[in-house]
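Report on one structure; see the data block that follows.
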Amino acid sequence: MNKIKKSLLAMSILVGTCVAPIAAFQSFGQELTAEDGSVVDANATTSKKSGGGFYDIVFGSGIVGMILWFALFGDGMLAIYFSVDSMILVKPEKLMPKKLMDGVMTAMSEGDVAKAMEVCRQNPSAMGSIVLAAFQHVEEGFEAIQEAVTAASDLEQEKIQQRLNWISVCGNLGPSLGLLGTVQGMILTFQALASGGAGDASALASSIGQALWTTAGGLIVSIPSITVFYSLRNKANRLILKMTAMTMEILNGLRNVSVDAAPAEGEANA
């Protein structure tokens with residue numbers, strides 16, 4: 001699954017940052033000559049013949065425009081995929097499952113640290129990793145336990161943040177692709193004006209409109225993506241703080257109590 005996600009993201013970035021700019025440079029000199037001898041850009045001529053619908057905006061914007069639109073569509077699909085994936089990840093029942101919490105609380109009420117550690121291993125999760133890190137330093141004193149909990153919490157927070165960052169990448173890539181389409185369209189428009197194509201005002205206006213539509217498309221992808229990213233990031237931070245506090249509350253009884261840690265595997269088999 002990770003390989004598939006990385007491949008899709010790499011393909012989107014490749015199209016957005018490499019293929020589109022190269023095609024744009026190649027098309028800067030593409031012009032068409034009208035019947036009256038005036039020179040207009042290819043996008044403007046195609047737009048004049050189109051009906052002005054979204055289909056015409058996408059497929060009537062020339063090769064470069066189509067590449068940019070497909071890149072935007074791909075970026076949007078990746079943003080949706082990573083958003084759904086992160087929403088599933090950043091859930092209380094996913095990060096700290098009820099079975100784990102019940103098992104740890106039962107084991108601690110019995111004073112059985114070894115049993116609590118086994119429960120954490122059987123229920124892998126962010127909360128399980130934090131609690132397990134604390135139990136592994138139970139013989140070193142309460143201060144060592146606090147340091148272990150803090151380090152484990154930071155590690156789990158970083159793991160979640162790395163997953164969420166893909167949403168931010170998609171959100172930041174959208175306006176860049178849209179701006180590239182706008183710049184490319186404006187360059188072609190001004191080339192047509194400089195070549196004497198100012199007489200066909202409707203074609204020039206249509207060309208400018210198509211260029212601006214790419215910016216709108218980029219913002220349509222970016223605004224929800226950035227909103228979801230910060231929303232999930234704040235939710236993840238709150239859950240990490242909650243898990244840290246709950247772990248310290250579970251282990252608070254060990255502050256002045258000496259608890260025997262689980263025997264090493266070699267000692268248990270001796």
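By convention in this document, the chains of the structure tokens carry letters A, B, ... by their order, each chain's residues are numbered from 1, and ligands are numbered from 1 in the order they are shown.
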Shell around A:Thr247 at 9 Å using only C-alpha atoms, local window under 3 positions removed, as an mmCIF file with N, CA and C atoms, in the first residue's frame:
data_model
loop_
_atom_site.group_PDB
_atom_site.id
_atom_site.type_symbol
_atom_site.label_atom_id
_atom_site.label_comp_id
_atom_site.auth_asym_id
_atom_site.auth_seq_id
_atom_site.Cartn_x
_atom_site.Cartn_y
_atom_site.Cartn_z
ATOM 1 N N MET A 127 -1.080 4.607 21.516
ATOM 2 C CA MET A 127 -1.177 4.549 22.974
ATOM 3 C C MET A 127 -0.398 3.364 23.517
ATOM 4 N N ILE A 130 3.306 4.191 23.636
ATOM 5 C CA ILE A 130 3.653 5.125 24.706
ATOM 6 C C ILE A 130 3.666 4.424 26.060
ATOM 7 N N VAL A 131 2.631 3.650 26.336
ATOM 8 C CA VAL A 131 2.555 2.937 27.618
ATOM 9 C C VAL A 131 3.671 1.905 27.724
ATOM 10 N N ALA A 134 6.909 3.417 28.664
ATOM 11 C CA ALA A 134 6.959 3.756 30.096
ATOM 12 C C ALA A 134 7.244 2.522 30.937
ATOM 13 N N VAL A 149 8.027 8.469 28.404
ATOM 14 C CA VAL A 149 6.695 8.805 27.894
ATOM 15 C C VAL A 149 6.769 10.002 26.945
ATOM 16 N N LYS A 242 -3.632 13.969 25.100
ATOM 17 C CA LYS A 242 -4.546 13.177 25.922
ATOM 18 C C LYS A 242 -3.928 11.828 26.269
ATOM 19 N N MET A 243 -3.285 11.188 25.304
ATOM 20 C CA MET A 243 -2.660 9.890 25.555
ATOM 21 C C MET A 243 -1.508 10.021 26.544
ATOM 22 N N THR A 244 -0.735 11.093 26.417
ATOM 23 C CA THR A 244 0.366 11.318 27.360
ATOM 24 C C THR A 244 -0.157 11.504 28.773
ATOM 25 N N ILE A 250 -2.093 6.625 34.562
ATOM 26 C CA ILE A 250 -2.028 5.180 34.805
ATOM 27 C C ILE A 250 -0.815 4.823 35.646
ATOM 28 N N LEU A 251 0.298 5.498 35.353
ATOM 29 C CA LEU A 251 1.564 5.172 36.023
ATOM 30 C C LEU A 251 1.812 6.012 37.269
ATOM 31 N N ASN A 252 0.877 6.869 37.606
ATOM 32 C CA ASN A 252 1.093 7.754 38.757
ATOM 33 C C ASN A 252 1.260 6.981 40.052
#
Write down as a list in words the residues of stretch 111-150 of chain A whose backbone DSSP state falls under alpha helix (DSSP H).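 Everything in stretch 111-150 of chain A that counts as alpha helix (DSSP H) is Val113, Ala114, Lys115, Ala116, Met117, Glu118, Val119, Cys120, Arg121, Gln122, Ala126, Met127, Gly128, Ser129, Ile130, Val131, Leu132, Ala133, Ala134, Phe135, Phe142, Glu143, Ala144, Ile145, Gln146, Glu147, Ala148, Val149 and Thr150 of chain A.
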Pick out the residues sitting within 12 Å of A:Pro124, and hand them over as an MDAnalysis selection string; count only C-alpha atoms, and ignore anything fewer than 5 positions along from it in its own chain. chainID A and resid 94:97 99:101 117:119 129:132
So that each row is one residue of stretch 77-135 of chain A with an atom at most 9 Å from stretch 169-185 of chain A, can you give its shortest atom pair and the distance in Å to one decimal, using only C-alpha atoms, rows by chain and rising number, as CSV?
residue,atom,partner,partner_atom,distance
A:Leu78,CA,A:Cys170,CA,7.0
A:Ala79,CA,A:Cys170,CA,5.5
A:Phe82,CA,A:Cys170,CA,8.9
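Restricting the calculation to only C-alpha atoms, the smallest distance between A:Trp166 and any of A:Ile80, A:Ile223, A:Leu193, A:Leu188 is found for A:Ile80.
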Coordinates-based distance that separates atom CA of A:Leu72 from atom CA of A:Gly217 (Å, one decimal):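 A separation of 7.1 Å between them.
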If we count only C-alpha atoms and set the cut-off at 10 Å, which residues sit around A:Pro224, ignoring sequence neighbours fewer than 3 positions away in its own chain? Please answer as a PyMOL selection string. chain A and resi 76+79-80+83+167+171+219-221+227-229
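Interatomic distance, atom CA of A:Gly103 to atom CA of A:His137: 19.5 Å.
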Quote the spacing between atom CA of A:Val90 and atom CA of A:Gln146 in Å to one decimal place.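 Computed distance, atom CA of A:Val90 to atom CA of A:Gln146, equals 24.1 Å.
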Shell around A:Lys235 at 12 Å using only C-alpha atoms, local window under 3 positions removed, as a PyMOL selection string: chain A and resi 86-87+89-92+95+157+160-161+164+228-232+238-242
Write the residues you've just listed into a file as a CSV table (one decimal), in the first residue's frame, and include C-alpha atoms for each of them.
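The resulting file, selection02.csv, is shown below:
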chain,number,residue,atom,x,y,z
A,86,SER,CA,-5.6,10.4,7.6
A,87,MET,CA,-9.2,10.7,8.9
A,89,LEU,CA,-5.8,7.2,11.2
A,90,VAL,CA,-6.6,10.1,13.5
A,91,LYS,CA,-9.4,8.6,15.4
A,92,PRO,CA,-9.5,7.9,19.2
A,95,LEU,CA,-4.9,5.5,18.3
A,157,GLN,CA,3.3,12.5,16.9
A,160,ILE,CA,1.2,10.9,12.4
A,161,GLN,CA,2.6,14.2,11.1
A,164,LEU,CA,-0.6,14.2,7.3
A,228,VAL,CA,-8.4,19.3,6.3
A,229,PHE,CA,-4.7,19.2,7.0
A,230,TYR,CA,-4.7,21.8,9.8
A,231,SER,CA,-8.0,20.3,11.2
A,232,LEU,CA,-6.5,16.8,11.4
A,238,ARG,CA,-4.9,16.9,21.1
A,239,LEU,CA,-5.1,13.1,21.0
A,240,ILE,CA,-1.3,12.8,21.6
A,241,LEU,CA,-1.6,15.2,24.7
A,242,LYS,CA,-4.5,13.2,25.9
From A:Ala152, A:Thr214, A:Asp85, A:Lys159, residue lying nearest A:Ile67 [only C-alpha atoms]: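 Answer, going by the shortest atom-to-atom distance: A:Thr214.
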